[in-house]
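Colleague: Contents of coords.pdb (PDB, C-alpha atoms, pLDDT in the B column) are below:
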```pdb
ATOM      1  CA  MET X  40     -93.872 -92.812-100.441  1.00 43.00           C
ATOM      2  CA  ALA X  41     -90.705 -90.860-100.875  1.00 46.00           C
ATOM      3  CA  PRO X  42     -87.766 -91.578 -98.582  1.00 48.00           C
ATOM      4  CA  GLY X  43     -87.801 -89.282 -95.528  1.00 47.00           C
ATOM      5  CA  SER X  44     -91.443 -88.382 -95.998  1.00 47.00           C
ATOM      6  CA  ARG X  45     -94.089 -89.229 -93.463  1.00 49.00           C
ATOM      7  CA  GLY X  46     -97.309 -91.046 -93.951  1.00 47.00           C
ATOM      8  CA  VAL X  47     -99.209 -88.122 -92.438  1.00 46.00           C
ATOM      9  CA  ARG X  48     -98.421 -85.874 -95.354  1.00 46.00           C
ATOM     10  CA  SER X  49    -100.297 -88.001 -97.817  1.00 46.00           C
ATOM     11  CA  SER X  50    -103.617 -86.701 -96.531  1.00 48.00           C
ATOM     12  CA  PHE X  51    -102.496 -83.131 -97.186  1.00 47.00           C
ATOM     13  CA  ARG X  52    -101.505 -83.685-100.753  1.00 49.00           C
ATOM     14  CA  SER X  53    -103.308 -81.907-103.464  1.00 50.00           C
ATOM     15  CA  ARG X  54    -105.162 -83.724-106.128  1.00 56.00           C
ATOM     16  CA  SER X  55    -102.069 -83.733-108.202  1.00 58.00           C
ATOM     17  CA  GLY X  56    -100.168 -85.598-105.462  1.00 61.00           C
ATOM     18  CA  VAL X  57     -97.923 -82.653-104.558  1.00 62.00           C
ATOM     19  CA  PRO X  58     -98.327 -81.267-101.064  1.00 65.00           C
ATOM     20  CA  SER X  59     -99.813 -77.828-101.026  1.00 79.00           C
ATOM     21  CA  PRO X  60     -98.193 -75.034 -99.055  1.00 79.00           C
ATOM     22  CA  GLN X  61    -101.430 -74.535 -97.143  1.00 87.00           C
ATOM     23  CA  ALA X  62    -101.522 -78.205 -96.208  1.00 83.00           C
ATOM     24  CA  ASP X  63     -97.917 -78.021 -95.071  1.00 83.00           C
ATOM     25  CA  ALA X  64     -98.688 -74.973 -92.954  1.00 85.00           C
ATOM     26  CA  THR X  65    -101.718 -76.669 -91.449  1.00 90.00           C
ATOM     27  CA  MET X  66     -99.705 -79.764 -90.723  1.00 89.00           C
ATOM     28  CA  LEU X  67     -96.873 -77.739 -89.187  1.00 89.00           C
ATOM     29  CA  SER X  68     -99.376 -75.793 -87.140  1.00 90.00           C
ATOM     30  CA  ARG X  69    -100.963 -79.005 -85.923  1.00 92.00           C
ATOM     31  CA  LEU X  70     -97.549 -80.540 -85.150  1.00 92.00           C
ATOM     32  CA  LEU X  71     -96.526 -77.362 -83.341  1.00 92.00           C
ATOM     33  CA  LYS X  72     -99.729 -77.401 -81.297  1.00 93.00           C
ATOM     34  CA  GLU X  73     -99.228 -81.089 -80.483  1.00 94.00           C
ATOM     35  CA  HIS X  74     -95.624 -80.417 -79.537  1.00 94.00           C
ATOM     36  CA  GLN X  75     -96.606 -77.454 -77.364  1.00 95.00           C
ATOM     37  CA  ALA X  76     -99.391 -79.496 -75.746  1.00 95.00           C
ATOM     38  CA  LYS X  77     -96.934 -82.303 -74.979  1.00 95.00           C
ATOM     39  CA  GLN X  78     -94.440 -79.799 -73.622  1.00 96.00           C
ATOM     40  CA  ASN X  79     -97.149 -78.244 -71.450  1.00 95.00           C
ATOM     41  CA  GLU X  80     -98.128 -81.722 -70.213  1.00 95.00           C
ATOM     42  CA  ARG X  81     -94.477 -82.474 -69.448  1.00 95.00           C
ATOM     43  CA  LYS X  82     -94.098 -79.125 -67.679  1.00 95.00           C
ATOM     44  CA  GLU X  83     -97.260 -79.725 -65.665  1.00 96.00           C
ATOM     45  CA  LEU X  84     -96.107 -83.246 -64.808  1.00 96.00           C
ATOM     46  CA  GLN X  85     -92.666 -81.903 -63.898  1.00 96.00           C
ATOM     47  CA  GLU X  86     -94.256 -79.132 -61.779  1.00 96.00           C
ATOM     48  CA  LYS X  87     -96.544 -81.672 -60.114  1.00 96.00           C
ATOM     49  CA  ARG X  88     -93.544 -83.891 -59.337  1.00 96.00           C
ATOM     50  CA  ARG X  89     -91.597 -80.880 -58.070  1.00 96.00           C
ATOM     51  CA  ARG X  90     -94.481 -79.919 -55.751  1.00 96.00           C
ATOM     52  CA  GLU X  91     -94.740 -83.535 -54.564  1.00 96.00           C
ATOM     53  CA  ALA X  92     -90.985 -83.630 -53.946  1.00 96.00           C
ATOM     54  CA  ILE X  93     -91.171 -80.344 -52.026  1.00 96.00           C
ATOM     55  CA  THR X  94     -94.118 -81.666 -50.005  1.00 96.00           C
ATOM     56  CA  ALA X  95     -92.291 -84.911 -49.269  1.00 96.00           C
ATOM     57  CA  ALA X  96     -89.108 -83.023 -48.327  1.00 96.00           C
ATOM     58  CA  THR X  97     -91.139 -80.704 -46.091  1.00 95.00           C
ATOM     59  CA  CYS X  98     -92.821 -83.671 -44.407  1.00 95.00           C
ATOM     60  CA  LEU X  99     -89.475 -85.375 -43.913  1.00 94.00           C
ATOM     61  CA  THR X 100     -87.933 -82.200 -42.524  1.00 94.00           C
ATOM     62  CA  GLU X 101     -90.862 -81.685 -40.157  1.00 93.00           C
ATOM     63  CA  ALA X 102     -90.666 -85.317 -39.025  1.00 91.00           C
ATOM     64  CA  LEU X 103     -86.918 -85.004 -38.400  1.00 90.00           C
ATOM     65  CA  VAL X 104     -87.349 -81.709 -36.565  1.00 90.00           C
ATOM     66  CA  ASP X 105     -90.183 -83.180 -34.479  1.00 89.00           C
ATOM     67  CA  HIS X 106     -88.017 -86.187 -33.654  1.00 88.00           C
ATOM     68  CA  LEU X 107     -85.125 -83.932 -32.688  1.00 86.00           C
ATOM     69  CA  ASN X 108     -87.437 -81.649 -30.722  1.00 89.00           C
ATOM     70  CA  VAL X 109     -88.645 -84.620 -28.679  1.00 89.00           C
ATOM     71  CA  GLY X 110     -85.054 -85.449 -27.813  1.00 87.00           C
ATOM     72  CA  VAL X 111     -84.216 -81.826 -27.074  1.00 90.00           C
ATOM     73  CA  ALA X 112     -87.338 -81.433 -24.939  1.00 90.00           C
ATOM     74  CA  GLN X 113     -86.455 -84.599 -23.020  1.00 91.00           C
ATOM     75  CA  ALA X 114     -82.891 -83.380 -22.516  1.00 92.00           C
ATOM     76  CA  TYR X 115     -84.212 -80.009 -21.316  1.00 93.00           C
ATOM     77  CA  MET X 116     -86.576 -81.688 -18.843  1.00 95.00           C
ATOM     78  CA  ASN X 117     -83.758 -83.929 -17.608  1.00 96.00           C
ATOM     79  CA  GLN X 118     -81.529 -80.882 -17.177  1.00 96.00           C
ATOM     80  CA  ARG X 119     -84.234 -79.104 -15.162  1.00 97.00           C
ATOM     81  CA  LYS X 120     -84.666 -82.187 -12.966  1.00 97.00           C
ATOM     82  CA  LEU X 121     -80.905 -82.396 -12.474  1.00 97.00           C
ATOM     83  CA  ASP X 122     -80.730 -78.698 -11.562  1.00 97.00           C
ATOM     84  CA  HIS X 123     -83.508 -79.206  -9.006  1.00 97.00           C
ATOM     85  CA  GLU X 124     -81.770 -82.281  -7.592  1.00 97.00           C
ATOM     86  CA  VAL X 125     -78.467 -80.363  -7.361  1.00 97.00           C
ATOM     87  CA  LYS X 126     -80.134 -77.534  -5.425  1.00 97.00           C
ATOM     88  CA  THR X 127     -81.824 -80.030  -3.104  1.00 97.00           C
ATOM     89  CA  LEU X 128     -78.542 -81.855  -2.583  1.00 97.00           C
ATOM     90  CA  GLN X 129     -76.750 -78.587  -1.824  1.00 97.00           C
ATOM     91  CA  VAL X 130     -79.355 -77.683   0.806  1.00 97.00           C
ATOM     92  CA  GLN X 131     -79.154 -81.157   2.346  1.00 97.00           C
ATOM     93  CA  ALA X 132     -75.345 -81.063   2.312  1.00 97.00           C
ATOM     94  CA  ALA X 133     -75.392 -77.704   4.099  1.00 97.00           C
ATOM     95  CA  GLN X 134     -77.817 -79.076   6.694  1.00 97.00           C
ATOM     96  CA  PHE X 135     -75.681 -82.178   7.137  1.00 97.00           C
ATOM     97  CA  ALA X 136     -72.540 -80.057   7.565  1.00 96.00           C
ATOM     98  CA  LYS X 137     -74.322 -77.956  10.201  1.00 97.00           C
ATOM     99  CA  GLN X 138     -75.554 -81.052  12.016  1.00 97.00           C
ATOM    100  CA  THR X 139     -72.113 -82.661  11.809  1.00 96.00           C
ATOM    101  CA  GLY X 140     -70.608 -79.516  13.322  1.00 96.00           C
ATOM    102  CA  GLN X 141     -73.112 -79.732  16.163  1.00 96.00           C
ATOM    103  CA  TRP X 142     -72.269 -83.409  16.710  1.00 96.00           C
ATOM    104  CA  ILE X 143     -68.554 -82.638  16.759  1.00 96.00           C
ATOM    105  CA  GLY X 144     -69.200 -79.923  19.346  1.00 95.00           C
ATOM    106  CA  MET X 145     -71.222 -82.339  21.464  1.00 95.00           C
ATOM    107  CA  VAL X 146     -68.491 -85.002  21.250  1.00 94.00           C
ATOM    108  CA  GLU X 147     -65.825 -82.456  22.216  1.00 94.00           C
ATOM    109  CA  ASN X 148     -67.944 -81.325  25.178  1.00 93.00           C
ATOM    110  CA  PHE X 149     -68.466 -84.955  26.185  1.00 90.00           C
ATOM    111  CA  ASN X 150     -64.728 -85.624  25.969  1.00 90.00           C
ATOM    112  CA  GLN X 151     -64.052 -82.549  28.077  1.00 90.00           C
ATOM    113  CA  ALA X 152     -66.619 -83.731  30.632  1.00 87.00           C
ATOM    114  CA  LEU X 153     -64.953 -87.161  30.716  1.00 83.00           C
ATOM    115  CA  LYS X 154     -61.589 -85.514  31.301  1.00 85.00           C
ATOM    116  CA  GLU X 155     -63.064 -83.450  34.098  1.00 84.00           C
ATOM    117  CA  ILE X 156     -64.602 -86.579  35.616  1.00 82.00           C
ATOM    118  CA  GLY X 157     -61.194 -88.207  35.393  1.00 81.00           C
ATOM    119  CA  ASP X 158     -59.662 -85.130  37.035  1.00 84.00           C
ATOM    120  CA  VAL X 159     -62.331 -85.205  39.778  1.00 83.00           C
ATOM    121  CA  GLU X 160     -61.706 -88.917  40.287  1.00 84.00           C
ATOM    122  CA  ASN X 161     -57.984 -88.318  40.625  1.00 86.00           C
ATOM    123  CA  TRP X 162     -58.676 -85.405  42.962  1.00 87.00           C
ATOM    124  CA  ALA X 163     -61.003 -87.596  45.027  1.00 88.00           C
ATOM    125  CA  ARG X 164     -58.328 -90.331  45.269  1.00 89.00           C
ATOM    126  CA  SER X 165     -55.781 -87.749  46.282  1.00 91.00           C
ATOM    127  CA  ILE X 166     -58.118 -86.353  48.971  1.00 92.00           C
ATOM    128  CA  GLU X 167     -58.940 -89.897  50.146  1.00 93.00           C
ATOM    129  CA  LEU X 168     -55.242 -90.738  50.434  1.00 94.00           C
ATOM    130  CA  ASP X 169     -54.614 -87.505  52.334  1.00 94.00           C
ATOM    131  CA  MET X 170     -57.555 -88.242  54.676  1.00 94.00           C
ATOM    132  CA  ARG X 171     -56.232 -91.759  55.382  1.00 94.00           C
ATOM    133  CA  THR X 172     -52.830 -90.309  56.095  1.00 95.00           C
ATOM    134  CA  ILE X 173     -54.357 -87.774  58.484  1.00 94.00           C
ATOM    135  CA  ALA X 174     -56.590 -90.444  60.070  1.00 94.00           C
ATOM    136  CA  THR X 175     -53.609 -92.748  60.577  1.00 94.00           C
ATOM    137  CA  ALA X 176     -51.611 -89.924  62.063  1.00 92.00           C
ATOM    138  CA  LEU X 177     -54.475 -88.963  64.396  1.00 91.00           C
ATOM    139  CA  GLU X 178     -54.955 -92.581  65.401  1.00 90.00           C
ATOM    140  CA  TYR X 179     -51.252 -92.920  66.140  1.00 89.00           C
ATOM    141  CA  VAL X 180     -51.281 -89.744  68.227  1.00 88.00           C
ATOM    142  CA  TYR X 181     -54.396 -90.830  70.086  1.00 86.00           C
ATOM    143  CA  LYS X 182     -52.919 -94.247  70.871  1.00 86.00           C
ATOM    144  CA  GLY X 183     -49.708 -92.604  71.918  1.00 83.00           C
ATOM    145  CA  GLN X 184     -51.586 -90.346  74.325  1.00 82.00           C
ATOM    146  CA  LEU X 185     -53.533 -93.228  75.771  1.00 77.00           C
ATOM    147  CA  GLN X 186     -50.408 -95.198  76.457  1.00 80.00           C
ATOM    148  CA  SER X 187     -48.543 -92.304  78.036  1.00 77.00           C
ATOM    149  CA  ALA X 188     -51.409 -91.193  80.244  1.00 66.00           C
ATOM    150  CA  PRO X 189     -51.170 -92.396  83.934  1.00 64.00           C
ATOM    151  CA  SER X 190     -53.870 -94.566  84.969  1.00 56.00           C
TER     152      SER X 190
END
```
Re-express the file's structure as structure tokens.
Modeller:
Amino acid sequence: MAPGSRGVRSSFRSRSGVPSPQADATMLSRLLKEHQAKQNERKELQEKRRREAITAATCLTEALVDHLNVGVAQAYMNQRKLDHEVKTLQVQAAQFAKQTGQWIGMVENFNQALKEIGDVENWARSIELDMRTIATALEYVYKGQLQSAPS
């Protein structure tokens, strides 16, 4: 075989041992078809891998989004619960403030009543002292009249 020649060419040689132009064309045609077939196979394989990569990326993206959505949904539900609790707490705080105001009013009224009782007690002591003074004076006058009256 000649250097640089291929073993495939030997079957396309003419009877004289020289490759014929028709044999060369047939061989080139066959090589071209084989090359194109291999390229098509590579393209199909590459397209298949591209579709698989896209599918895998889509699945991953959907899984990540689903995972994030679960967290977002949970955060949203927690926020709604917190909002409800805040409203309930505000209502209860308002009720407590109203009730506390009523209690303060009752305590102030009670204190006022205690002061009045203290005032009445002082007034009663004052009246009692005055009555004793009057009674003592009347008793003194009565005794004085009894002693000065002729018997």
Colleague: As an exercise, work out the distance from CA of Met116 (chain X) to CA of Ala102 (chain X) in Å and give it to one decimal place.
Modeller: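 Taking CA of Met116 (chain X) as the start and CA of Ala102 (chain X) as the end point, the length is 20.9 Å.
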Colleague: What are the centre and edge lengths in Å, to one decimal, of the axis-aligned box around all listed atoms of region 149-164 of chain X with 4 Å added on each side, as JSON?
Modeller:
```
{"center_x": -63.2, "center_y": -86.4, "center_z": 35.6, "size_x": 18.5, "size_y": 15.8, "size_z": 27.3}
```
Colleague: Distance CA of Ala132 (chain X)-CA of Ala152 (chain X), one decimal place?
Modeller: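 Between these atoms lies a distance of 29.8 Å.
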Colleague: What is the CA of Gly183 (chain X) to CA of Glu167 (chain X) distance in Å?
Modeller: 23.8 Å
